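Reproduced below: coords.cif, with mmCIF, C-alpha atoms (C1' of nucleotides).
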```
data_upload
#
loop_
_atom_site.label_atom_id
_atom_site.label_comp_id
_atom_site.auth_asym_id
_atom_site.auth_seq_id
_atom_site.Cartn_x
_atom_site.Cartn_y
_atom_site.Cartn_z
CA MET A 1 7.98 -21.96 -23.89
CA GLU A 2 8.90 -18.42 -22.88
CA GLU A 3 6.69 -16.27 -25.08
CA GLU A 4 3.14 -16.29 -23.84
CA ILE A 5 2.21 -13.04 -25.51
CA LYS A 6 0.38 -13.63 -28.75
CA CYS A 7 0.05 -9.96 -29.57
CA THR A 8 0.67 -9.30 -33.23
CA VAL A 9 0.17 -5.57 -33.07
CA LYS A 10 3.65 -4.74 -31.75
CA HIS A 11 4.66 -1.24 -32.63
CA GLU A 12 8.32 -2.20 -32.68
CA ASP A 13 9.59 1.30 -33.36
CA ILE A 14 7.74 2.80 -30.41
CA ILE A 15 8.77 -0.06 -28.14
CA GLU A 16 12.41 0.50 -29.00
CA LYS A 17 12.21 4.24 -28.55
CA VAL A 18 10.50 3.98 -25.17
CA LYS A 19 12.87 1.26 -24.04
CA THR A 20 15.88 3.55 -24.43
CA LYS A 21 14.25 6.34 -22.42
CA MET A 22 12.97 4.25 -19.52
CA PRO A 23 14.62 4.98 -16.18
CA LYS A 24 16.49 2.11 -14.59
CA GLU A 25 14.49 -0.57 -12.82
CA GLU A 26 16.11 0.46 -9.55
CA THR A 27 15.18 4.11 -10.00
CA LEU A 28 11.58 3.22 -10.70
CA PHE A 29 11.53 1.06 -7.60
CA ASP A 30 12.88 3.89 -5.46
CA ILE A 31 10.34 6.34 -6.83
CA ALA A 32 7.49 3.95 -6.14
CA GLU A 33 8.81 3.44 -2.62
CA LEU A 34 8.85 7.18 -2.07
CA PHE A 35 5.27 7.54 -3.25
CA LYS A 36 4.26 4.62 -1.08
CA VAL A 37 5.40 6.63 1.92
CA PHE A 38 3.25 9.55 0.77
CA GLY A 39 0.33 7.23 0.18
CA ASP A 40 -1.13 7.14 3.66
CA THR A 41 -3.50 9.63 5.25
CA THR A 42 -1.86 9.53 8.67
CA ARG A 43 1.56 10.25 7.22
CA MET A 44 0.17 13.03 5.04
CA LYS A 45 -1.36 14.60 8.13
CA ILE A 46 1.96 14.42 9.93
CA VAL A 47 3.75 15.97 6.97
CA CYS A 48 1.19 18.78 6.85
CA CYS A 49 1.77 19.53 10.52
CA LEU A 50 5.45 19.95 9.82
CA PHE A 51 4.95 22.49 7.04
CA GLU A 52 4.44 25.14 9.68
CA SER A 53 7.15 24.30 12.15
CA GLU A 54 8.96 21.53 13.92
CA MET A 55 6.75 19.66 16.33
CA CYS A 56 7.01 17.09 19.08
CA VAL A 57 5.39 13.68 18.91
CA CYS A 58 2.63 14.26 21.41
CA ASP A 59 1.60 17.57 19.84
CA ILE A 60 1.36 15.84 16.47
CA ALA A 61 -0.67 13.06 18.02
CA GLU A 62 -3.12 15.52 19.55
CA LEU A 63 -3.34 17.59 16.40
CA ILE A 64 -4.17 14.74 14.09
CA ASN A 65 -6.12 12.83 16.69
CA ALA A 66 -4.05 9.66 16.67
CA THR A 67 -2.34 7.67 19.39
CA GLN A 68 1.25 8.40 20.35
CA SER A 69 2.18 4.91 19.25
CA ALA A 70 0.65 5.24 15.80
CA VAL A 71 2.36 8.57 15.25
CA SER A 72 5.68 7.21 16.43
CA HIS A 73 5.42 4.24 14.08
CA GLN A 74 4.63 6.49 11.14
CA LEU A 75 7.38 8.93 12.01
CA ARG A 76 9.75 6.02 11.80
CA VAL A 77 8.59 5.31 8.26
CA LEU A 78 9.04 8.96 7.34
CA LYS A 79 12.46 8.98 8.97
CA GLN A 80 13.57 5.87 7.08
CA ALA A 81 12.49 7.54 3.84
CA LYS A 82 14.57 10.56 4.88
CA LEU A 83 11.57 12.83 4.64
CA VAL A 84 11.85 14.04 8.23
CA LYS A 85 14.67 14.72 10.62
CA TYR A 86 14.58 15.20 14.39
CA ARG A 87 16.35 16.72 17.32
CA LYS A 88 16.09 15.75 20.96
CA GLU A 89 15.63 18.23 23.73
CA GLY A 90 15.54 16.38 26.99
CA LYS A 91 12.83 13.79 26.78
CA VAL A 92 11.03 15.61 23.99
CA VAL A 93 11.79 14.81 20.35
CA TYR A 94 11.09 17.50 17.76
CA TYR A 95 10.50 16.40 14.19
CA SER A 96 10.78 18.55 11.09
CA LEU A 97 10.83 18.09 7.32
CA SER A 98 14.26 17.27 6.00
CA ASP A 99 13.91 19.37 2.84
CA ARG A 100 11.53 21.43 0.75
CA HIS A 101 10.92 18.70 -1.82
CA VAL A 102 8.34 17.19 0.44
CA GLU A 103 6.25 20.33 0.35
CA ILE A 104 6.71 20.76 -3.39
CA ILE A 105 5.59 17.22 -4.13
CA PHE A 106 2.64 17.64 -1.79
CA ASN A 107 1.57 20.86 -3.48
CA MET A 108 1.81 19.30 -6.93
CA ALA A 109 -0.57 16.59 -5.84
CA LEU A 110 -2.86 19.17 -4.27
CA GLU A 111 -2.97 21.08 -7.55
CA HIS A 112 -3.75 17.91 -9.44
CA ILE A 113 -6.56 17.04 -7.04
CA GLN A 114 -8.08 20.48 -7.24
CA GLU A 115 -8.15 20.46 -11.02
CA MET A 116 -10.16 17.29 -11.24
CA MET B 117 -12.37 8.69 29.81
CA GLU B 118 -11.62 10.38 26.53
CA GLU B 119 -8.20 11.91 27.09
CA GLU B 120 -5.55 9.22 27.00
CA ILE B 121 -2.76 11.63 26.17
CA LYS B 122 -0.76 12.53 29.27
CA CYS B 123 1.56 14.88 27.43
CA THR B 124 2.21 18.02 29.42
CA VAL B 125 4.48 19.64 26.86
CA LYS B 126 1.69 20.92 24.61
CA HIS B 127 2.81 23.91 22.62
CA GLU B 128 -0.74 25.28 22.49
CA ASP B 129 0.13 28.25 20.30
CA ILE B 130 1.75 26.09 17.66
CA ILE B 131 -1.05 23.55 17.79
CA GLU B 132 -3.62 26.29 17.20
CA LYS B 133 -1.65 27.86 14.38
CA VAL B 134 -1.14 24.56 12.57
CA LYS B 135 -4.74 23.54 13.11
CA THR B 136 -6.01 26.55 11.16
CA LYS B 137 -3.69 25.85 8.23
CA MET B 138 -4.34 22.12 7.91
CA PRO B 139 -6.09 21.05 4.69
CA LYS B 140 -9.45 19.42 5.10
CA GLU B 141 -9.54 15.77 6.13
CA GLU B 142 -11.11 14.93 2.79
CA THR B 143 -8.38 16.71 0.83
CA LEU B 144 -5.68 14.88 2.72
CA PHE B 145 -7.45 11.61 2.03
CA ASP B 146 -7.61 12.35 -1.69
CA ILE B 147 -3.95 13.29 -1.82
CA ALA B 148 -2.95 10.11 -0.03
CA GLU B 149 -5.10 8.12 -2.45
CA LEU B 150 -3.36 9.75 -5.40
CA PHE B 151 0.07 8.94 -4.01
CA LYS B 152 -1.06 5.40 -3.30
CA VAL B 153 -1.66 4.99 -7.03
CA PHE B 154 1.86 6.23 -7.71
CA GLY B 155 3.25 3.93 -5.07
CA ASP B 156 3.63 0.77 -7.11
CA THR B 157 6.52 -0.18 -9.38
CA THR B 158 4.35 -1.72 -12.07
CA ARG B 159 2.18 1.38 -12.31
CA MET B 160 5.24 3.62 -12.36
CA LYS B 161 6.63 1.60 -15.24
CA ILE B 162 3.38 1.94 -17.14
CA VAL B 163 3.32 5.68 -16.51
CA CYS B 164 6.91 5.95 -17.77
CA CYS B 165 5.98 4.16 -20.97
CA LEU B 166 3.29 6.72 -21.61
CA PHE B 167 5.60 9.72 -21.28
CA GLU B 168 6.77 9.08 -24.82
CA SER B 169 3.54 8.32 -26.59
CA GLU B 170 0.24 6.54 -26.34
CA MET B 171 0.62 2.79 -26.27
CA CYS B 172 -1.51 -0.32 -26.48
CA VAL B 173 -1.85 -2.83 -23.67
CA CYS B 174 0.19 -5.62 -25.20
CA ASP B 175 3.06 -3.30 -26.10
CA ILE B 176 3.15 -2.04 -22.52
CA ALA B 177 3.09 -5.61 -21.28
CA GLU B 178 6.02 -6.56 -23.44
CA LEU B 179 7.97 -3.44 -22.60
CA ILE B 180 7.73 -3.79 -18.84
CA ASN B 181 7.81 -7.57 -18.91
CA ALA B 182 4.47 -8.18 -17.24
CA THR B 183 1.45 -10.25 -18.18
CA GLN B 184 -1.36 -8.71 -20.17
CA SER B 185 -3.68 -9.34 -17.26
CA ALA B 186 -1.49 -7.60 -14.71
CA VAL B 187 -1.11 -4.58 -16.98
CA SER B 188 -4.82 -4.44 -17.64
CA HIS B 189 -5.61 -4.55 -13.93
CA GLN B 190 -3.16 -1.76 -13.20
CA LEU B 191 -4.40 0.35 -16.10
CA ARG B 192 -7.79 0.14 -14.51
CA VAL B 193 -6.40 1.58 -11.29
CA LEU B 194 -4.71 4.39 -13.22
CA LYS B 195 -7.91 5.01 -15.14
CA GLN B 196 -10.00 5.22 -11.97
CA ALA B 197 -7.54 7.75 -10.60
CA LYS B 198 -7.97 9.70 -13.85
CA LEU B 199 -4.27 9.55 -14.54
CA VAL B 200 -4.68 7.89 -17.93
CA LYS B 201 -7.22 8.04 -20.71
CA TYR B 202 -7.73 5.70 -23.64
CA ARG B 203 -9.09 5.38 -27.14
CA LYS B 204 -10.18 2.26 -28.94
CA GLU B 205 -9.15 1.43 -32.46
CA GLY B 206 -10.72 -1.82 -33.45
CA LYS B 207 -9.73 -4.42 -30.93
CA VAL B 208 -6.69 -2.44 -29.82
CA VAL B 209 -6.91 0.01 -26.92
CA TYR B 210 -4.40 2.85 -26.77
CA TYR B 211 -3.68 4.40 -23.40
CA SER B 212 -2.13 7.81 -22.76
CA LEU B 213 -1.58 10.17 -19.83
CA SER B 214 -4.56 12.36 -19.12
CA ASP B 215 -2.52 15.44 -18.24
CA ARG B 216 0.99 16.73 -17.65
CA HIS B 217 0.69 16.74 -13.86
CA VAL B 218 1.58 13.09 -13.82
CA GLU B 219 4.93 13.77 -15.44
CA ILE B 220 5.60 16.78 -13.22
CA ILE B 221 4.90 14.84 -10.04
CA PHE B 222 7.04 11.96 -11.30
CA ASN B 223 9.95 14.28 -12.06
CA MET B 224 9.74 15.92 -8.65
CA ALA B 225 10.10 12.54 -7.04
CA LEU B 226 12.96 11.68 -9.36
CA GLU B 227 14.77 14.86 -8.34
CA HIS B 228 14.23 14.07 -4.70
CA ILE B 229 15.60 10.56 -5.15
CA GLN B 230 18.65 11.76 -7.01
CA GLU B 231 19.54 14.28 -4.33
CA MET B 232 19.65 11.71 -1.56
"C1'" DT C 233 16.71 6.43 44.03
"C1'" DG C 234 11.98 6.21 42.42
"C1'" DA C 235 7.97 8.21 40.12
"C1'" DA C 236 6.36 10.53 36.18
"C1'" DT C 237 6.67 11.65 31.48
"C1'" DA C 238 8.00 11.30 26.32
"C1'" DT C 239 9.06 8.36 22.92
"C1'" DA C 240 10.15 3.90 20.65
"C1'" DT C 241 9.29 -0.72 19.50
"C1'" DG C 242 7.85 -5.74 19.04
"C1'" DA C 243 3.98 -8.89 18.48
"C1'" DG C 244 -0.37 -9.84 16.71
"C1'" DC C 245 -4.22 -8.97 13.95
"C1'" DA C 246 -7.40 -7.17 10.47
"C1'" DA C 247 -7.61 -4.97 6.20
"C1'" DC C 248 -5.84 -4.15 1.83
"C1'" DT C 249 -3.35 -5.12 -2.59
"C1'" DA C 250 -0.92 -7.11 -6.69
"C1'" DT C 251 -0.50 -11.03 -9.06
"C1'" DT C 252 -2.02 -15.29 -11.42
"C1'" DC C 253 -5.33 -18.19 -13.54
"C1'" DA C 254 -9.35 -18.94 -15.92
"C1'" DT C 255 -12.64 -17.04 -18.55
"C1'" DA C 256 -15.65 -13.41 -20.56
"C1'" DT C 257 -16.26 -9.70 -23.92
"C1'" DG C 258 -15.56 -7.50 -28.13
"C1'" DT C 259 -13.50 -7.06 -32.74
"C1'" DT C 260 -11.60 -8.57 -37.19
"C1'" DA C 261 -10.95 -11.44 -40.98
"C1'" DA C 262 -11.46 -15.71 -43.47
"C1'" DT D 263 -20.36 -18.24 -38.70
"C1'" DT D 264 -16.03 -19.49 -36.82
"C1'" DA D 265 -11.27 -18.82 -35.50
"C1'" DA D 266 -7.93 -15.78 -33.80
"C1'" DC D 267 -6.69 -12.00 -31.31
"C1'" DA D 268 -6.81 -7.85 -27.84
"C1'" DT D 269 -8.46 -6.61 -23.73
"C1'" DA D 270 -11.15 -6.88 -19.36
"C1'" DT D 271 -12.49 -8.98 -15.25
"C1'" DG D 272 -13.73 -12.09 -11.18
"C1'" DA D 273 -11.90 -15.24 -7.77
"C1'" DA D 274 -8.27 -16.93 -5.11
"C1'" DT D 275 -4.04 -16.27 -2.86
"C1'" DA D 276 0.27 -14.60 -0.95
"C1'" DG D 277 2.35 -10.71 0.69
"C1'" DT D 278 2.19 -6.19 2.80
"C1'" DT D 279 0.76 -2.64 5.96
"C1'" DG D 280 -1.20 0.21 9.75
"C1'" DC D 281 -3.16 -0.06 13.95
"C1'" DT D 282 -3.48 -1.44 18.94
"C1'" DC D 283 -1.70 -3.18 23.08
"C1'" DA D 284 1.86 -4.02 26.08
"C1'" DT D 285 6.17 -2.88 27.32
"C1'" DA D 286 10.96 -1.05 26.91
"C1'" DT D 287 14.03 2.91 26.95
"C1'" DA D 288 15.40 7.47 28.15
"C1'" DT D 289 15.06 11.66 30.68
"C1'" DT D 290 13.68 14.79 34.36
"C1'" DC D 291 12.59 16.03 38.86
"C1'" DA D 292 11.41 15.45 43.63
#
```

As structure tokens:
Amino acid sequence: MEEEIKCTVKHEDIIEKVKTKMPKEETLFDIAELFKVFGDTTRMKIVCCLFESEMCVCDIAELINATQSAVSHQLRVLKQAKLVKYRKEGKVVYYSLSDRHVEIIFNMALEHIQEM
Amino acid sequence: MEEEIKCTVKHEDIIEKVKTKMPKEETLFDIAELFKVFGDTTRMKIVCCLFESEMCVCDIAELINATQSAVSHQLRVLKQAKLVKYRKEGKVVYYSLSDRHVEIIFNMALEHIQEM
DNA sequence: TGAATATATGAGCAACTATTCATATGTTAA
DNA sequence: TTAACATATGAATAGTTGCTCATATATTCA
């Protein structure tokens, strides 16, 4: 009724060992959510822009050749994931990376790509 | 006709500086694709299983509480991204991580999560 | 105050994705 | 050879996502 798996291989010892070391379901979910945010070319472009310095929305839009609206939508996603922060100066909003982890994670991926 | 952007702020110097340092379009695409593979809870669970040791499909399925089919489909995605490799032993297929980068990238994300 | 500018946001749509279900392929053992 | 098992895979579907378009909000300046 509940066991569909017919597998008779079952390396019980390994299963037990791995089970104890697995991060919590919630942690795994959060990590996947973080990577999901990284998993879009437009957002990666935005993040790259911000490696150099803070930047306003319309400059980002011009630089990556996207509409203001698209950039604004994606900045919202990055903001919700706490990957970027912003400050307002009059009608201009300057975005910047919220910490160095973003760049570290990016560079790790870059290394991986380049070694393939 | 081609310039929709009305922005008059334009920090030309910054735009130029960032433009020269931006990775190639293709590189950014590849990085986003890599993160996209990481950006799914099921795949993250599978990857976690493989930190400890190689493992066969049905053990993974049991461990993460997913169907054999779902695991097999996701292993294919991981395989295409060259994140896992496999060896066959009779009718059993053992999967393992193809290099340590996967674990490093995972741990970076974990650190980031835990500092929030 | 009103016009211009910078950004944000909601709705709608097209494209993509993860799962399930059914079935195919490949391997072992009786 | 046949049955049982381990894995792979194609099709269908439900859910998600990123973009565009239109418009709202906020700020500055004349």

Could the residues of chain B within 8 Å of chain C, counting only C-alpha atoms (C1' of nucleotides), be given as a short mmCIF file (atom, residue, chain, number, x, y, z; two decimals) with C-alpha atoms, keeping the file's coordinate frame, please?
```cif
data_model
loop_
_atom_site.label_atom_id
_atom_site.label_comp_id
_atom_site.auth_asym_id
_atom_site.auth_seq_id
_atom_site.Cartn_x
_atom_site.Cartn_y
_atom_site.Cartn_z
CA LYS B 122 -0.76 12.53 29.27
CA CYS B 123 1.56 14.88 27.43
CA ALA B 186 -1.49 -7.60 -14.71
CA GLY B 206 -10.72 -1.82 -33.45
CA LYS B 207 -9.73 -4.42 -30.93
#
```

Overlay target chain A, mobile chain B, all C-alpha paired in order, as a compact mmCIF listing (two decimals) with C-alpha atoms, keeping the file's coordinate frame:
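Just written: part_24.txt:
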```txt
# COMPACT_ATOMS: atom_id res chain seq x y z
CA MET B 117 7.96 -21.87 -23.90
CA GLU B 118 8.92 -18.37 -22.93
CA GLU B 119 6.72 -16.21 -25.13
CA GLU B 120 3.17 -16.24 -23.83
CA ILE B 121 2.25 -12.98 -25.52
CA LYS B 122 0.34 -13.60 -28.74
CA CYS B 123 0.01 -9.93 -29.57
CA THR B 124 0.61 -9.28 -33.24
CA VAL B 125 0.11 -5.54 -33.07
CA LYS B 126 3.59 -4.74 -31.74
CA HIS B 127 4.61 -1.23 -32.64
CA GLU B 128 8.29 -2.21 -32.68
CA ASP B 129 9.56 1.30 -33.37
CA ILE B 130 7.71 2.77 -30.42
CA ILE B 131 8.73 -0.09 -28.15
CA GLU B 132 12.39 0.47 -29.03
CA LYS B 133 12.17 4.22 -28.57
CA VAL B 134 10.49 3.95 -25.18
CA LYS B 135 12.85 1.23 -24.05
CA THR B 136 15.87 3.51 -24.45
CA LYS B 137 14.24 6.30 -22.45
CA MET B 138 12.97 4.21 -19.55
CA PRO B 139 14.61 4.95 -16.18
CA LYS B 140 16.49 2.10 -14.60
CA GLU B 141 14.49 -0.58 -12.82
CA GLU B 142 16.12 0.45 -9.57
CA THR B 143 15.19 4.11 -10.02
CA LEU B 144 11.59 3.21 -10.70
CA PHE B 145 11.57 1.05 -7.60
CA ASP B 146 12.91 3.89 -5.47
CA ILE B 147 10.36 6.33 -6.84
CA ALA B 148 7.52 3.93 -6.15
CA GLU B 149 8.85 3.43 -2.62
CA LEU B 150 8.89 7.18 -2.06
CA PHE B 151 5.31 7.54 -3.25
CA LYS B 152 4.30 4.60 -1.09
CA VAL B 153 5.43 6.62 1.93
CA PHE B 154 3.28 9.52 0.77
CA GLY B 155 0.36 7.21 0.18
CA ASP B 156 -1.09 7.11 3.67
CA THR B 157 -3.47 9.60 5.25
CA THR B 158 -1.84 9.52 8.66
CA ARG B 159 1.59 10.23 7.21
CA MET B 160 0.18 13.00 5.03
CA LYS B 161 -1.35 14.59 8.11
CA ILE B 162 1.96 14.42 9.93
CA VAL B 163 3.76 15.95 6.96
CA CYS B 164 1.18 18.76 6.85
CA CYS B 165 1.77 19.52 10.51
CA LEU B 166 5.45 19.95 9.82
CA PHE B 167 4.97 22.49 7.03
CA GLU B 168 4.46 25.15 9.68
CA SER B 169 7.17 24.32 12.15
CA GLU B 170 8.96 21.53 13.93
CA MET B 171 6.74 19.69 16.34
CA CYS B 172 6.99 17.10 19.08
CA VAL B 173 5.37 13.68 18.91
CA CYS B 174 2.60 14.27 21.41
CA ASP B 175 1.59 17.57 19.82
CA ILE B 176 1.35 15.85 16.44
CA ALA B 177 -0.69 13.08 18.02
CA GLU B 178 -3.12 15.52 19.52
CA LEU B 179 -3.36 17.59 16.37
CA ILE B 180 -4.18 14.73 14.04
CA ASN B 181 -6.14 12.81 16.64
CA ALA B 182 -4.04 9.66 16.64
CA THR B 183 -2.36 7.68 19.38
CA GLN B 184 1.21 8.43 20.35
CA SER B 185 2.17 4.94 19.27
CA ALA B 186 0.65 5.24 15.81
CA VAL B 187 2.37 8.58 15.26
CA SER B 188 5.68 7.23 16.46
CA HIS B 189 5.45 4.25 14.12
CA GLN B 190 4.65 6.47 11.16
CA LEU B 191 7.40 8.94 12.03
CA ARG B 192 9.77 6.03 11.82
CA VAL B 193 8.61 5.31 8.28
CA LEU B 194 9.06 8.97 7.34
CA LYS B 195 12.47 8.99 8.98
CA GLN B 196 13.60 5.89 7.09
CA ALA B 197 12.53 7.54 3.86
CA LYS B 198 14.60 10.57 4.90
CA LEU B 199 11.59 12.83 4.66
CA VAL B 200 11.86 14.05 8.24
CA LYS B 201 14.67 14.73 10.65
CA TYR B 202 14.57 15.22 14.40
CA ARG B 203 16.33 16.75 17.37
CA LYS B 204 16.07 15.76 20.99
CA GLU B 205 15.58 18.23 23.78
CA GLY B 206 15.47 16.39 27.04
CA LYS B 207 12.76 13.79 26.82
CA VAL B 208 10.98 15.63 24.02
CA VAL B 209 11.75 14.85 20.38
CA TYR B 210 11.06 17.52 17.78
CA TYR B 211 10.49 16.42 14.21
CA SER B 212 10.78 18.58 11.10
CA LEU B 213 10.85 18.12 7.32
CA SER B 214 14.28 17.29 6.01
CA ASP B 215 13.94 19.36 2.84
CA ARG B 216 11.54 21.42 0.77
CA HIS B 217 10.94 18.70 -1.82
CA VAL B 218 8.35 17.18 0.43
CA GLU B 219 6.26 20.33 0.35
CA ILE B 220 6.73 20.76 -3.40
CA ILE B 221 5.62 17.22 -4.14
CA PHE B 222 2.66 17.62 -1.78
CA ASN B 223 1.58 20.84 -3.48
CA MET B 224 1.82 19.29 -6.93
CA ALA B 225 -0.55 16.58 -5.84
CA LEU B 226 -2.85 19.15 -4.27
CA GLU B 227 -2.98 21.06 -7.55
CA HIS B 228 -3.75 17.89 -9.44
CA ILE B 229 -6.56 17.02 -7.04
CA GLN B 230 -8.08 20.47 -7.24
CA GLU B 231 -8.15 20.43 -11.03
CA MET B 232 -10.16 17.24 -11.24
```

In Å, how far is it from CA of Met160 in chain B to CA of Leu28 in chain A?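 CA of Met160 in chain B sits 6.6 Å away from CA of Leu28 in chain A.
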
Specify as a PyMOL selection string each residue included when the PyMOL selection byres ((chain D) within 8 of (chain B)) is applied to this file. chain D and resi 268-270

Counting only C-alpha atoms, which residues in chain A sit no more than 6 Å from chain B? For each one, give the nearest pair of atoms and the distance in Å, sorted by chain then residue number, as a tab-separated table.
```
residue	atom	partner	partner_atom	distance
A:Lys10	CA	B:Asp175	CA	5.9
A:Phe29	CA	B:Thr157	CA	5.5
A:Ala32	CA	B:Gly155	CA	4.4
A:Phe35	CA	B:Gly155	CA	4.5
A:Lys36	CA	B:Gly155	CA	4.2
A:Phe38	CA	B:Phe151	CA	5.8
A:Gly39	CA	B:Lys152	CA	4.2
A:Asp40	CA	B:Ala148	CA	5.1
A:Thr41	CA	B:Ala148	CA	5.3
A:Asp59	CA	B:Lys126	CA	5.8
```

Create the file for the chosen residues now, containing C-alpha atoms and written as a PDB file, in the coordinates of the input.
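Printed below is result_5.pdb as written:
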```pdb
ATOM      1  CA  LYS A  10       3.650  -4.740 -31.750  1.00  0.00           C
ATOM      2  CA  PHE A  29      11.530   1.060  -7.600  1.00  0.00           C
ATOM      3  CA  ALA A  32       7.490   3.950  -6.140  1.00  0.00           C
ATOM      4  CA  PHE A  35       5.270   7.540  -3.250  1.00  0.00           C
ATOM      5  CA  LYS A  36       4.260   4.620  -1.080  1.00  0.00           C
ATOM      6  CA  PHE A  38       3.250   9.550   0.770  1.00  0.00           C
ATOM      7  CA  GLY A  39       0.330   7.230   0.180  1.00  0.00           C
ATOM      8  CA  ASP A  40      -1.130   7.140   3.660  1.00  0.00           C
ATOM      9  CA  THR A  41      -3.500   9.630   5.250  1.00  0.00           C
ATOM     10  CA  ASP A  59       1.600  17.570  19.840  1.00  0.00           C
TER      11      ASP A  59
END
```

Rounded to one decimal place, report the CA of Ile46 in chain A-CA of Asn65 in chain A distance in Å.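 Separation between CA of Ile46 in chain A and CA of Asn65 in chain A: 10.7 Å.
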
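Between CA of Val47 in chain A and CA of Tyr95 in chain A lies a distance of 9.9 Å.
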
Build an axis-aligned box that encloses every atom of range 129-133 of chain B listed in the file, pad it by 8 Å on each side, and report its centre and edge lengths in Å to one decimal, as AutoDock Vina command-line options.
```
--center_x -0.9 --center_y 25.9 --center_z 17.3 --size_x 21.4 --size_y 20.7 --size_z 21.9
```

List every protein, DNA or RNA residue with an atom no more than 7 Å from (11.2, 14.7, 11.6) in the file's coordinates, counting all atoms listed in the file, and format the result as a list of chain:residue names. A:Leu75, A:Lys79, A:Val84, A:Lys85, A:Tyr86, A:Tyr94, A:Tyr95, A:Ser96, A:Leu97, A:Ser98
